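File shown here: start.tsv, holding TSV, C-alpha atoms.
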chain	number	residue	atom	x	y	z
A	1	MET	CA	12.75	8.17	-41.53
A	2	ARG	CA	9.01	8.93	-41.17
A	3	LEU	CA	8.25	5.29	-40.46
A	4	GLN	CA	4.64	4.24	-40.06
A	5	TYR	CA	3.36	2.16	-37.17
A	6	PRO	CA	-0.16	1.45	-35.88
A	7	SER	CA	-1.76	4.60	-34.51
A	8	ASP	CA	-3.56	2.88	-31.63
A	9	ILE	CA	-0.34	2.28	-29.72
A	10	LYS	CA	0.10	4.73	-26.86
A	11	ILE	CA	3.74	5.34	-25.99
A	12	ILE	CA	4.59	6.04	-22.36
A	13	LEU	CA	8.10	7.38	-21.94
A	14	VAL	CA	10.16	6.20	-18.99
A	15	PRO	CA	13.82	6.98	-18.26
A	16	CYS	CA	14.65	3.25	-18.38
A	17	THR	CA	12.51	0.10	-18.63
A	18	GLY	CA	13.77	-0.63	-15.11
A	19	LYS	CA	11.20	1.98	-14.05
A	20	VAL	CA	8.36	-0.21	-15.34
A	21	ASP	CA	6.89	-2.03	-12.39
A	22	LEU	CA	4.54	-5.00	-12.26
A	23	ILE	CA	1.82	-2.77	-10.82
A	24	HIS	CA	2.06	-0.40	-13.83
A	25	ILE	CA	1.48	-3.31	-16.21
A	26	LEU	CA	-1.44	-4.68	-14.18
A	27	HIS	CA	-3.06	-1.26	-13.81
A	28	SER	CA	-2.86	-0.80	-17.59
A	29	PHE	CA	-4.86	-3.98	-18.09
A	30	GLU	CA	-7.25	-3.06	-15.30
A	31	LYS	CA	-7.88	0.24	-17.09
A	32	GLY	CA	-8.65	-1.63	-20.30
A	33	ALA	CA	-5.43	-1.88	-22.33
A	34	ASP	CA	-5.63	-4.76	-24.80
A	35	GLY	CA	-1.88	-5.35	-24.66
A	36	VAL	CA	1.21	-3.89	-23.03
A	37	TYR	CA	4.76	-4.19	-24.22
A	38	ALA	CA	7.98	-2.81	-22.82
A	39	VAL	CA	10.70	-1.80	-25.24
A	40	GLY	CA	14.10	-1.69	-23.59
A	41	CYS	CA	17.69	-1.42	-24.69
A	42	LEU	CA	19.54	-4.51	-25.83
A	43	GLU	CA	20.46	-6.85	-23.01
A	44	GLY	CA	23.94	-5.99	-21.79
A	45	ASP	CA	23.57	-2.40	-23.02
A	46	CYS	CA	21.51	-0.91	-20.19
A	47	HIS	CA	22.78	2.52	-19.19
A	48	TYR	CA	21.78	1.62	-15.62
A	49	ASN	CA	23.31	-1.88	-15.90
A	50	SER	CA	20.25	-4.04	-15.29
A	51	GLY	CA	17.09	-1.99	-15.89
A	52	ASN	CA	16.06	-3.94	-18.98
A	53	LEU	CA	16.72	-7.28	-17.25
A	54	ARG	CA	14.52	-6.23	-14.35
A	55	ALA	CA	11.82	-5.14	-16.77
A	56	ARG	CA	11.90	-8.56	-18.45
A	57	LYS	CA	11.40	-10.29	-15.09
A	58	ARG	CA	8.50	-7.97	-14.27
A	59	VAL	CA	6.87	-8.61	-17.63
A	60	GLU	CA	7.23	-12.34	-16.95
A	61	GLN	CA	5.61	-11.89	-13.53
A	62	ALA	CA	2.75	-10.01	-15.20
A	63	GLN	CA	2.37	-12.78	-17.78
A	64	LYS	CA	2.01	-15.38	-15.03
A	65	ILE	CA	-0.61	-13.35	-13.20
A	66	LEU	CA	-2.54	-12.56	-16.39
A	67	ASP	CA	-2.59	-16.26	-17.26
A	68	THR	CA	-3.82	-17.15	-13.78
A	69	ILE	CA	-6.69	-14.66	-13.81
A	70	GLY	CA	-7.81	-15.53	-17.32
A	71	ILE	CA	-6.69	-12.42	-19.21
A	72	GLY	CA	-3.87	-14.15	-21.10
A	73	GLY	CA	-0.18	-13.70	-20.42
A	74	GLU	CA	0.71	-13.22	-24.09
A	75	ARG	CA	-0.88	-9.77	-23.94
A	76	ALA	CA	2.24	-8.56	-22.10
A	77	GLN	CA	5.57	-8.69	-23.91
A	78	MET	CA	9.12	-7.46	-23.61
A	79	TYR	CA	11.25	-6.40	-26.56
A	80	ASN	CA	14.87	-5.28	-26.73
A	81	LEU	CA	16.40	-3.09	-29.39
A	82	SER	CA	18.90	-0.28	-29.66
A	83	SER	CA	17.88	3.35	-30.02
A	84	SER	CA	19.23	3.42	-33.59
A	85	GLU	CA	16.83	0.70	-34.76
A	86	GLY	CA	13.88	2.80	-35.89
A	87	PRO	CA	12.68	0.30	-38.50
A	88	ARG	CA	12.81	-2.49	-35.91
A	89	PHE	CA	10.73	-0.33	-33.53
A	90	ALA	CA	8.06	0.09	-36.20
A	91	GLN	CA	8.21	-3.63	-37.03
A	92	ILE	CA	7.70	-4.57	-33.36
A	93	ALA	CA	4.74	-2.20	-33.16
A	94	VAL	CA	3.14	-3.88	-36.17
A	95	GLU	CA	3.90	-7.33	-34.78
A	96	MET	CA	2.42	-6.54	-31.38
A	97	ASP	CA	-0.62	-4.88	-32.95
A	98	GLU	CA	-1.28	-7.97	-35.07
A	99	LYS	CA	-0.80	-10.30	-32.14
A	100	ILE	CA	-3.24	-8.37	-29.94
A	101	ARG	CA	-5.81	-8.07	-32.72
A	102	LYS	CA	-5.72	-11.86	-33.06
A	103	LEU	CA	-6.26	-12.24	-29.31
A	104	GLY	CA	-9.16	-9.80	-29.38
A	105	PRO	CA	-10.11	-7.11	-26.86
A	106	ASN	CA	-9.06	-7.24	-23.21
A	107	PRO	CA	-11.78	-9.29	-21.44
A	108	ILE	CA	-11.72	-6.74	-18.59
A	109	LYS	CA	-12.81	-3.99	-20.97
A	110	LEU	CA	-15.71	-6.16	-22.13
A	111	ALA	CA	-16.62	-7.17	-18.57
A	112	LYS	CA	-16.68	-3.50	-17.54
A	113	LYS	CA	-19.01	-2.69	-20.43
A	114	ARG	CA	-21.30	-5.58	-19.47
A	115	ALA	CA	-21.35	-4.43	-15.85
A	116	ALA	CA	-22.11	-0.80	-16.79
B	1	MET	CA	13.12	-10.26	10.25
B	2	ILE	CA	10.24	-12.64	9.65
B	3	VAL	CA	10.48	-13.97	6.10
B	4	ALA	CA	7.34	-14.85	4.18
B	5	ASP	CA	6.58	-15.97	0.65
B	6	LYS	CA	3.57	-15.05	-1.45
B	7	LYS	CA	0.78	-17.60	-1.73
B	8	PRO	CA	-0.28	-18.48	-5.28
B	9	ILE	CA	-3.15	-16.25	-6.44
B	10	GLU	CA	-5.25	-19.36	-7.17
B	11	GLU	CA	-5.11	-20.29	-3.48
B	12	ILE	CA	-6.17	-16.82	-2.39
B	13	ILE	CA	-9.02	-16.81	-4.91
B	14	GLU	CA	-10.22	-20.12	-3.46
B	15	GLU	CA	-10.14	-18.63	0.05
B	16	ILE	CA	-12.23	-15.58	-0.80
B	17	LYS	CA	-14.43	-16.67	-3.70
B	18	ASP	CA	-17.65	-16.48	-1.66
B	19	HIS	CA	-17.08	-12.95	-0.38
B	20	GLU	CA	-18.10	-9.66	-1.97
B	21	LYS	CA	-16.41	-6.93	0.02
B	22	ILE	CA	-12.79	-7.69	0.65
B	23	LEU	CA	-9.94	-5.75	2.23
B	24	ILE	CA	-6.38	-6.59	1.24
B	25	LEU	CA	-4.31	-5.68	4.26
B	26	GLY	CA	-0.54	-5.26	4.03
B	27	CYS	CA	2.14	-4.66	6.64
B	28	ASN	CA	4.96	-2.13	6.42
B	29	GLU	CA	7.49	-4.20	8.35
B	30	CYS	CA	9.25	-7.52	7.66
B	31	VAL	CA	6.99	-8.65	4.82
B	32	THR	CA	7.65	-5.38	3.02
B	33	VAL	CA	11.40	-6.01	3.14
B	34	CYS	CA	11.02	-9.56	1.82
B	35	GLU	CA	8.63	-8.24	-0.86
B	36	ALA	CA	5.76	-10.52	0.09
B	37	GLY	CA	3.24	-8.34	1.91
B	38	GLY	CA	4.04	-4.64	1.66
B	39	LYS	CA	2.16	-1.79	-0.02
B	40	LYS	CA	3.36	-2.77	-3.47
B	41	GLU	CA	2.30	-6.40	-3.06
B	42	VAL	CA	-1.09	-5.23	-1.75
B	43	GLY	CA	-1.53	-3.22	-4.96
B	44	VAL	CA	-0.54	-6.11	-7.20
B	45	LEU	CA	-2.75	-8.65	-5.42
B	46	ALA	CA	-5.73	-6.28	-5.28
B	47	SER	CA	-5.39	-5.42	-8.97
B	48	ALA	CA	-5.15	-9.09	-9.97
B	49	LEU	CA	-8.16	-10.04	-7.85
B	50	ARG	CA	-10.27	-7.14	-9.14
B	51	MET	CA	-9.56	-8.23	-12.70
B	52	TYR	CA	-10.24	-11.89	-11.90
B	53	PHE	CA	-13.64	-11.26	-10.36
B	54	LEU	CA	-14.62	-8.75	-13.04
B	55	ASN	CA	-13.71	-11.28	-15.70
B	56	GLU	CA	-15.79	-13.89	-13.89
B	57	GLY	CA	-18.75	-11.51	-13.97
B	58	LYS	CA	-18.82	-11.16	-10.18
B	59	GLU	CA	-19.22	-7.80	-8.53
B	60	VAL	CA	-16.61	-7.79	-5.79
B	61	LYS	CA	-15.28	-4.72	-4.01
B	62	ILE	CA	-11.60	-4.99	-3.24
B	63	ASP	CA	-9.88	-2.28	-1.20
B	64	GLU	CA	-6.23	-1.81	-0.27
B	65	VAL	CA	-4.76	-0.74	3.06
B	66	THR	CA	-1.23	-1.17	4.40
B	67	LEU	CA	-0.68	-0.72	8.12
B	68	GLU	CA	2.56	0.20	9.83
B	69	ARG	CA	2.41	-3.16	11.63
B	70	GLN	CA	-0.18	-5.85	12.20
B	71	CYS	CA	1.35	-7.11	15.44
B	72	ASP	CA	0.46	-4.10	17.60
B	73	HIS	CA	-2.92	-3.00	18.91
B	74	GLU	CA	-2.61	0.65	17.97
B	75	TYR	CA	-2.06	0.02	14.27
B	76	LEU	CA	-4.82	-2.57	13.99
B	77	GLU	CA	-7.17	-0.09	15.68
B	78	GLU	CA	-6.65	2.32	12.76
B	79	ILE	CA	-9.03	0.27	10.62
B	80	ARG	CA	-11.72	-0.38	13.24
B	81	ASP	CA	-14.09	2.27	11.88
B	82	SER	CA	-13.95	0.88	8.35
B	83	MET	CA	-14.11	-2.83	9.16
B	84	ASP	CA	-17.92	-2.94	8.87
B	85	GLN	CA	-17.51	-2.24	5.14
B	86	TYR	CA	-15.92	-5.65	4.55
B	87	ASP	CA	-17.07	-9.23	4.82
B	88	ALA	CA	-13.52	-10.64	4.60
B	89	VAL	CA	-9.91	-9.58	4.96
B	90	VAL	CA	-6.87	-11.03	3.22
B	91	SER	CA	-3.92	-10.22	5.43
B	92	ILE	CA	-0.57	-10.44	3.72
B	93	ALA	CA	1.32	-9.88	6.95
B	94	CYS	CA	3.07	-12.83	8.59
B	95	GLY	CA	1.07	-15.40	10.54
B	96	VAL	CA	1.41	-13.21	13.63
B	97	GLY	CA	-0.45	-10.38	11.93
B	98	VAL	CA	-3.16	-12.65	10.55
B	99	GLN	CA	-3.82	-14.10	14.01
B	100	PHE	CA	-3.78	-10.74	15.80
B	101	MET	CA	-6.26	-9.42	13.23
B	102	ALA	CA	-8.48	-12.46	13.81
B	103	GLU	CA	-8.32	-11.94	17.59
B	104	LYS	CA	-9.24	-8.29	17.26
B	105	TYR	CA	-11.99	-8.59	14.68
B	106	HIS	CA	-14.00	-11.62	15.75
B	107	ASP	CA	-16.85	-11.23	13.28
B	108	THR	CA	-14.77	-10.92	10.13
B	109	PRO	CA	-13.03	-13.86	8.45
B	110	ILE	CA	-9.30	-13.18	8.03
B	111	TYR	CA	-7.46	-15.15	5.35
B	112	PRO	CA	-3.68	-15.46	4.99
B	113	GLY	CA	-2.18	-14.22	1.74
B	114	VAL	CA	1.39	-15.34	2.41
B	115	ASN	CA	3.16	-18.38	3.78
B	116	THR	CA	5.24	-17.38	6.79
B	117	CYS	CA	8.58	-19.17	6.48
B	118	PHE	CA	11.21	-18.28	9.09
B	119	MET	CA	13.30	-15.65	10.84
B	120	GLY	CA	16.18	-14.81	8.58
B	121	VAL	CA	18.32	-12.39	6.64
B	122	THR	CA	18.35	-10.88	3.16
B	123	GLU	CA	21.50	-12.35	1.60
B	124	LYS	CA	20.69	-10.48	-1.58
B	125	ARG	CA	17.51	-9.29	-3.22
B	126	GLY	CA	15.41	-12.38	-3.83
B	127	LEU	CA	17.40	-14.63	-1.48
B	128	TRP	CA	16.50	-14.95	2.18
B	129	THR	CA	17.97	-17.53	4.50
B	130	GLU	CA	17.12	-18.72	8.00
B	131	ARG	CA	19.19	-17.66	10.99
B	132	CYS	CA	17.12	-18.05	14.16
B	133	GLN	CA	14.53	-20.50	15.44
B	134	ALA	CA	13.73	-18.53	18.61
B	135	CYS	CA	14.65	-21.42	20.91
B	136	GLY	CA	14.47	-19.08	23.88
B	137	GLU	CA	17.94	-19.80	25.25
B	138	CYS	CA	20.60	-18.28	23.05
B	139	ILE	CA	23.93	-20.11	22.86
B	140	LEU	CA	25.57	-17.94	20.18
B	141	ALA	CA	28.17	-16.71	22.68
B	142	THR	CA	29.76	-20.17	22.75
B	143	THR	CA	29.39	-21.05	19.08
B	144	GLY	CA	31.17	-18.09	17.53
B	145	GLY	CA	27.92	-16.38	16.59
B	146	ILE	CA	26.66	-19.25	14.41
B	147	CYS	CA	23.52	-21.03	15.53
B	148	PRO	CA	23.61	-24.83	15.40
B	149	ILE	CA	19.94	-24.99	16.42
B	150	THR	CA	18.94	-23.23	13.21
B	151	ARG	CA	21.66	-24.14	10.80
B	152	CYS	CA	22.29	-27.77	11.69
B	153	ALA	CA	19.55	-30.08	10.37
B	154	LYS	CA	19.88	-32.23	13.49
B	155	ARG	CA	20.20	-29.29	15.91
B	156	VAL	CA	23.37	-30.94	17.19
B	157	LEU	CA	24.89	-29.06	20.15
B	158	ASN	CA	28.28	-30.76	20.10
B	159	GLY	CA	28.99	-31.30	16.45
B	160	PRO	CA	29.67	-32.00	13.76
B	161	CYS	CA	27.91	-35.30	13.23
B	162	GLY	CA	29.22	-38.01	10.91
B	163	GLY	CA	27.27	-36.57	8.00
B	164	SER	CA	29.52	-33.54	7.61
B	165	VAL	CA	31.35	-33.97	4.29
B	166	ARG	CA	33.90	-31.40	3.14
B	167	GLY	CA	32.00	-28.61	4.86
B	168	SER	CA	28.58	-29.62	3.59
B	169	CYS	CA	25.62	-31.24	5.30
B	170	GLU	CA	24.65	-34.77	4.30
B	171	ILE	CA	21.06	-33.78	3.61
B	172	ASN	CA	22.10	-31.43	0.81
B	173	LYS	CA	25.51	-30.50	-0.55
B	174	GLU	CA	24.36	-26.90	-0.92
B	175	ILE	CA	23.78	-26.58	2.82
B	176	ASP	CA	26.85	-25.65	4.83
B	177	CYS	CA	27.62	-27.84	7.83
B	178	ALA	CA	26.86	-25.49	10.73
B	179	TRP	CA	29.57	-27.07	12.84
B	180	GLN	CA	32.16	-26.63	10.11
B	181	LEU	CA	31.17	-22.94	10.04
B	182	ILE	CA	31.47	-22.79	13.83
B	183	VAL	CA	34.94	-24.41	13.86
B	184	ASP	CA	36.14	-22.09	11.07
B	185	ARG	CA	34.79	-19.08	12.91
B	186	LEU	CA	36.31	-20.07	16.26
B	187	LYS	CA	39.62	-20.56	14.47
B	188	SER	CA	39.41	-17.01	13.03
B	189	LEU	CA	38.62	-15.68	16.49
B	190	ASN	CA	41.58	-17.60	17.92
B	191	ARG	CA	39.15	-19.31	20.28
B	192	LEU	CA	39.44	-22.87	19.10
B	193	ASP	CA	39.91	-23.98	22.71
B	194	ASP	CA	36.20	-23.17	23.23
B	195	TYR	CA	35.37	-25.99	20.83
B	196	GLU	CA	36.76	-28.45	23.38
B	197	THR	CA	34.17	-27.35	25.95
B	198	LEU	CA	31.12	-29.58	25.85
B	199	CYS	CA	27.82	-27.79	25.52
B	200	PRO	CA	25.62	-28.83	28.48
B	201	LEU	CA	22.13	-30.25	28.03
B	202	LYS	CA	19.83	-27.57	26.66
B	203	ASP	CA	16.60	-26.61	28.37
B	204	TRP	CA	14.16	-27.24	25.54
B	205	SER	CA	11.20	-26.05	27.60
B	206	THR	CA	11.95	-22.55	26.32
B	207	ASP	CA	11.62	-23.87	22.76
B	208	ARG	CA	8.31	-25.08	21.30
B	209	ALA	CA	8.42	-28.14	23.59
B	210	GLY	CA	6.95	-26.00	26.36
B	211	GLY	CA	3.93	-24.95	24.27
B	212	PRO	CA	3.14	-21.38	23.20
B	213	ARG	CA	5.56	-18.99	24.86
B	214	LYS	CA	5.35	-15.56	26.37
B	215	VAL	CA	7.73	-12.89	27.55
B	216	VAL	CA	6.58	-11.04	30.67
B	217	ARG	CA	8.26	-7.77	31.58
B	218	GLU	CA	6.54	-6.41	34.66
B	219	ASP	CA	8.91	-3.44	34.71
B	220	LEU	CA	7.33	-2.28	31.47
B	221	GLN	CA	3.71	-3.08	32.19
B	222	GLN	CA	1.26	-0.45	33.40

Show how you would write the structure in this file as structure tokens.
Amino acid sequence: MRLQYPSDIKIILVPCTGKVDLIHILHSFEKGADGVYAVGCLEGDCHYNSGNLRARKRVEQAQKILDTIGIGGERAQMYNLSSSEGPRFAQIAVEMDEKIRKLGPNPIKLAKKRAA
Amino acid sequence: MIVADKKPIEEIIEEIKDHEKILILGCNECVTVCEAGGKKEVGVLASALRMYFLNEGKEVKIDEVTLERQCDHEYLEEIRDSMDQYDAVVSIACGVGVQFMAEKYHDTPIYPGVNTCFMGVTEKRGLWTERCQACGECILATTGGICPITRCAKRVLNGPCGGSVRGSCEINKEIDCAWQLIVDRLKSLNRLDDYETLCPLKDWSTDRAGGPRKVVREDLQQ
């Protein structure tokens, strides 16, 4: 299909979104990521039954923490789509990229620069 | 096991906001199982706090350590050599661990990072329920293995009371009447005759009424 999506998105492959833990999301922000989103299979279609549902809960936990510490919970998102939906994948990437650009850089990245 | 629940991060921030070198100290036992104070929770809390303080423009060092237990001398001794690096510790062990830390390290403020709730079981992941109140004089042998001290809101020893309605407790329909559970269990065990035996007055001095308790085993002491 050769679909285009923003080049500043770094894809990290995991066997299932159920592998994505809260600590992985938080460490990404601590290391300076402006946004993190998990892309799992459609709900009800998880090969491991509930991996994508667990991922959603973990993303929600991350959102709460990010809100509490002033980073902004909307920087973490969960999306569900099937592996045959290439155009939807590209569309989500564009959507997330736009959303994060509107929010601006991760305040942690800026704070680290100030401290350096 | 001892069941604990995480304190809100805001509360922990309030506890430690005036410190600059902080150790987040987890425990590998009960609080790990109930996902409130194990290694993973130490990592999450430490990461969140590091980001919070960085974002606030404060330079705060936050380290992570998880001990095998915080209720035994030998494990708490493992951090003695590094304690001078910190001006505060957030212990996310149960209240026992927090207090034992405070007793051992007099000069360092120790703050609790969890609320210690009760002694209970994991019914399923994310659901823990109370089973024992450590009254010090176990009567489970006569009640079919179901504790009325813990599971009856009134701690009734010869129940049920008049508030038992269709197997539920009057304080909340979602709470089983402990005495209904006991009768059902005795019936299954074909021991319903035991229900006719009155439970004698209980010695509450072994419960909290007698003040802080201790178990002394001279045969084990050196």

### Task
Please provide the set of residues having any atom within 9 Å of segment 105-118 of chain B, restricted to only C-alpha atoms, with same-chain residues fewer than 6 positions apart removed, written as a PyMOL selection string.
chain B and resi 1-9+11-12+15-16+24+36-37+80+83-84+86-96+98-99+129-133

Taking C-alpha atoms for each residue, export the selection above as a PDB file, in the coordinates of the input.
ATOM      1  CA  MET B   1      13.120 -10.260  10.250  1.00  0.00           C
ATOM      2  CA  ILE B   2      10.240 -12.640   9.650  1.00  0.00           C
ATOM      3  CA  VAL B   3      10.480 -13.970   6.100  1.00  0.00           C
ATOM      4  CA  ALA B   4       7.340 -14.850   4.180  1.00  0.00           C
ATOM      5  CA  ASP B   5       6.580 -15.970   0.650  1.00  0.00           C
ATOM      6  CA  LYS B   6       3.570 -15.050  -1.450  1.00  0.00           C
ATOM      7  CA  LYS B   7       0.780 -17.600  -1.730  1.00  0.00           C
ATOM      8  CA  PRO B   8      -0.280 -18.480  -5.280  1.00  0.00           C
ATOM      9  CA  ILE B   9      -3.150 -16.250  -6.440  1.00  0.00           C
ATOM     10  CA  GLU B  11      -5.110 -20.290  -3.480  1.00  0.00           C
ATOM     11  CA  ILE B  12      -6.170 -16.820  -2.390  1.00  0.00           C
ATOM     12  CA  GLU B  15     -10.140 -18.630   0.050  1.00  0.00           C
ATOM     13  CA  ILE B  16     -12.230 -15.580  -0.800  1.00  0.00           C
ATOM     14  CA  ILE B  24      -6.380  -6.590   1.240  1.00  0.00           C
ATOM     15  CA  ALA B  36       5.760 -10.520   0.090  1.00  0.00           C
ATOM     16  CA  GLY B  37       3.240  -8.340   1.910  1.00  0.00           C
ATOM     17  CA  ARG B  80     -11.720  -0.380  13.240  1.00  0.00           C
ATOM     18  CA  MET B  83     -14.110  -2.830   9.160  1.00  0.00           C
ATOM     19  CA  ASP B  84     -17.920  -2.940   8.870  1.00  0.00           C
ATOM     20  CA  TYR B  86     -15.920  -5.650   4.550  1.00  0.00           C
ATOM     21  CA  ASP B  87     -17.070  -9.230   4.820  1.00  0.00           C
ATOM     22  CA  ALA B  88     -13.520 -10.640   4.600  1.00  0.00           C
ATOM     23  CA  VAL B  89      -9.910  -9.580   4.960  1.00  0.00           C
ATOM     24  CA  VAL B  90      -6.870 -11.030   3.220  1.00  0.00           C
ATOM     25  CA  SER B  91      -3.920 -10.220   5.430  1.00  0.00           C
ATOM     26  CA  ILE B  92      -0.570 -10.440   3.720  1.00  0.00           C
ATOM     27  CA  ALA B  93       1.320  -9.880   6.950  1.00  0.00           C
ATOM     28  CA  CYS B  94       3.070 -12.830   8.590  1.00  0.00           C
ATOM     29  CA  GLY B  95       1.070 -15.400  10.540  1.00  0.00           C
ATOM     30  CA  VAL B  96       1.410 -13.210  13.630  1.00  0.00           C
ATOM     31  CA  VAL B  98      -3.160 -12.650  10.550  1.00  0.00           C
ATOM     32  CA  GLN B  99      -3.820 -14.100  14.010  1.00  0.00           C
ATOM     33  CA  THR B 129      17.970 -17.530   4.500  1.00  0.00           C
ATOM     34  CA  GLU B 130      17.120 -18.720   8.000  1.00  0.00           C
ATOM     35  CA  ARG B 131      19.190 -17.660  10.990  1.00  0.00           C
ATOM     36  CA  CYS B 132      17.120 -18.050  14.160  1.00  0.00           C
ATOM     37  CA  GLN B 133      14.530 -20.500  15.440  1.00  0.00           C
TER      38      GLN B 133
END

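For Glu85 of chain A, the list of residues within 12 Å, based on all atoms listed in the file and with local chain neighbours fewer than 3 positions off taken out, reads Met1, Leu3, Val39, Gly40, Cys41, Leu42, Asn80, Leu81, Ser82, Arg88, Phe89, Ala90, Gln91 and Ile92 of chain A.
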
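Distances from B:Glu20, B:Glu41, B:Glu35, B:Asp193 to chain A were compared using all atoms listed in the file, and the smallest one belongs to B:Glu41.
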
Closest atom pairs, residues of chain A within 10 Å of chain B, only C-alpha atoms, as a Markdown table:
| residue | atom | partner | partner_atom | distance |
| --- | --- | --- | --- | --- |
| A:Asp21 | CA | B:Lys40 | CA | 9.6 |
| A:Leu22 | CA | B:Val44 | CA | 7.3 |
| A:Ile23 | CA | B:Val44 | CA | 5.5 |
| A:His24 | CA | B:Val44 | CA | 9.1 |
| A:Ile25 | CA | B:Val44 | CA | 9.6 |
| A:Leu26 | CA | B:Ser47 | CA | 6.6 |
| A:His27 | CA | B:Ser47 | CA | 6.8 |
| A:Phe29 | CA | B:Met51 | CA | 8.3 |
| A:Glu30 | CA | B:Met51 | CA | 6.2 |
| A:Lys31 | CA | B:Met51 | CA | 9.7 |
| A:Ala62 | CA | B:Val44 | CA | 9.5 |
| A:Ile65 | CA | B:Ala48 | CA | 7.0 |
| A:Leu66 | CA | B:Ala48 | CA | 7.8 |
| A:Thr68 | CA | B:Glu10 | CA | 7.1 |
| A:Ile69 | CA | B:Tyr52 | CA | 4.9 |
| A:Gly70 | CA | B:Tyr52 | CA | 7.0 |
| A:Ile71 | CA | B:Asn55 | CA | 7.9 |
| A:Asn106 | CA | B:Asn55 | CA | 9.7 |
| A:Pro107 | CA | B:Asn55 | CA | 6.4 |
| A:Ile108 | CA | B:Asn55 | CA | 5.7 |
| A:Lys109 | CA | B:Asn55 | CA | 9.0 |
| A:Leu110 | CA | B:Asn55 | CA | 8.5 |
| A:Ala111 | CA | B:Asn55 | CA | 5.8 |
| A:Lys112 | CA | B:Leu54 | CA | 7.2 |
| A:Arg114 | CA | B:Gly57 | CA | 8.5 |
| A:Ala115 | CA | B:Gly57 | CA | 7.8 |

### Task
Please provide as a ChimeraX atom specification all residues within 8 Å of segment 169-186 of chain B, with the sequence filter that same-chain residues fewer than 5 positions apart are discarded (counting only C-alpha atoms).
/B:143-148,151-153,159-160,163-164,191-192,194-195

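In this model, the gap between atom CA of Asp97 of chain A and atom CA of Pro6 of chain A comes to 7.0 Å.
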
### Query
Suppose you want the space between atom CA of Val14 of chain A and atom CA of Arg101 of chain A; what is it in Å?
25.4 Å

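Of note, atom CA of Thr66 of chain B and atom CA of Lys39 of chain B are spaced 5.6 Å apart.
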
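Nearest to Cys46 of chain A of all the residues A:Gln4, A:Thr17, A:Met96, A:Pro105 is A:Thr17, counting all atoms listed in the file.
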
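Nearest to Gly73 of chain A of all the residues A:Val94, A:Ala38, A:Val20, A:Val59 is A:Val59, based on all atoms listed in the file.
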
Restore N, CA and C atoms in segment 93-104 of chain B and list the result as a PDB file, in the coordinates of the input.
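And here's part_31.pdb as it stands now:
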ATOM      1  N   ALA B  93       0.266  -9.962   5.927  1.00  0.00           N
ATOM      2  CA  ALA B  93       1.320  -9.880   6.950  1.00  0.00           C
ATOM      3  C   ALA B  93       1.728 -11.318   7.270  1.00  0.00           C
ATOM      4  N   CYS B  94       2.677 -11.475   8.180  1.00  0.00           N
ATOM      5  CA  CYS B  94       3.070 -12.830   8.590  1.00  0.00           C
ATOM      6  C   CYS B  94       1.928 -13.457   9.394  1.00  0.00           C
ATOM      7  N   GLY B  95       2.107 -14.705   9.786  1.00  0.00           N
ATOM      8  CA  GLY B  95       1.070 -15.400  10.540  1.00  0.00           C
ATOM      9  C   GLY B  95       0.725 -14.714  11.854  1.00  0.00           C
ATOM     10  N   VAL B  96       1.651 -13.957  12.391  1.00  0.00           N
ATOM     11  CA  VAL B  96       1.410 -13.210  13.630  1.00  0.00           C
ATOM     12  C   VAL B  96       0.324 -12.162  13.372  1.00  0.00           C
ATOM     13  N   GLY B  97       0.502 -11.430  12.276  1.00  0.00           N
ATOM     14  CA  GLY B  97      -0.450 -10.380  11.930  1.00  0.00           C
ATOM     15  C   GLY B  97      -1.829 -10.945  11.646  1.00  0.00           C
ATOM     16  N   VAL B  98      -1.873 -12.032  10.901  1.00  0.00           N
ATOM     17  CA  VAL B  98      -3.160 -12.650  10.550  1.00  0.00           C
ATOM     18  C   VAL B  98      -3.902 -13.030  11.831  1.00  0.00           C
ATOM     19  N   GLN B  99      -3.169 -13.640  12.780  1.00  0.00           N
ATOM     20  CA  GLN B  99      -3.820 -14.100  14.010  1.00  0.00           C
ATOM     21  C   GLN B  99      -4.248 -12.936  14.903  1.00  0.00           C
ATOM     22  N   PHE B 100      -3.426 -11.885  14.942  1.00  0.00           N
ATOM     23  CA  PHE B 100      -3.780 -10.740  15.800  1.00  0.00           C
ATOM     24  C   PHE B 100      -4.999 -10.034  15.225  1.00  0.00           C
ATOM     25  N   MET B 101      -5.074  -9.981  13.903  1.00  0.00           N
ATOM     26  CA  MET B 101      -6.260  -9.420  13.230  1.00  0.00           C
ATOM     27  C   MET B 101      -7.497 -10.238  13.613  1.00  0.00           C
ATOM     28  N   ALA B 102      -7.346 -11.574  13.532  1.00  0.00           N
ATOM     29  CA  ALA B 102      -8.480 -12.460  13.810  1.00  0.00           C
ATOM     30  C   ALA B 102      -8.931 -12.317  15.275  1.00  0.00           C
ATOM     31  N   GLU B 103      -7.962 -12.117  16.178  1.00  0.00           N
ATOM     32  CA  GLU B 103      -8.320 -11.940  17.590  1.00  0.00           C
ATOM     33  C   GLU B 103      -9.064 -10.642  17.805  1.00  0.00           C
ATOM     34  N   LYS B 104      -8.665  -9.625  17.066  1.00  0.00           N
ATOM     35  CA  LYS B 104      -9.240  -8.290  17.260  1.00  0.00           C
ATOM     36  C   LYS B 104     -10.603  -8.133  16.593  1.00  0.00           C
TER      37      LYS B 104
END
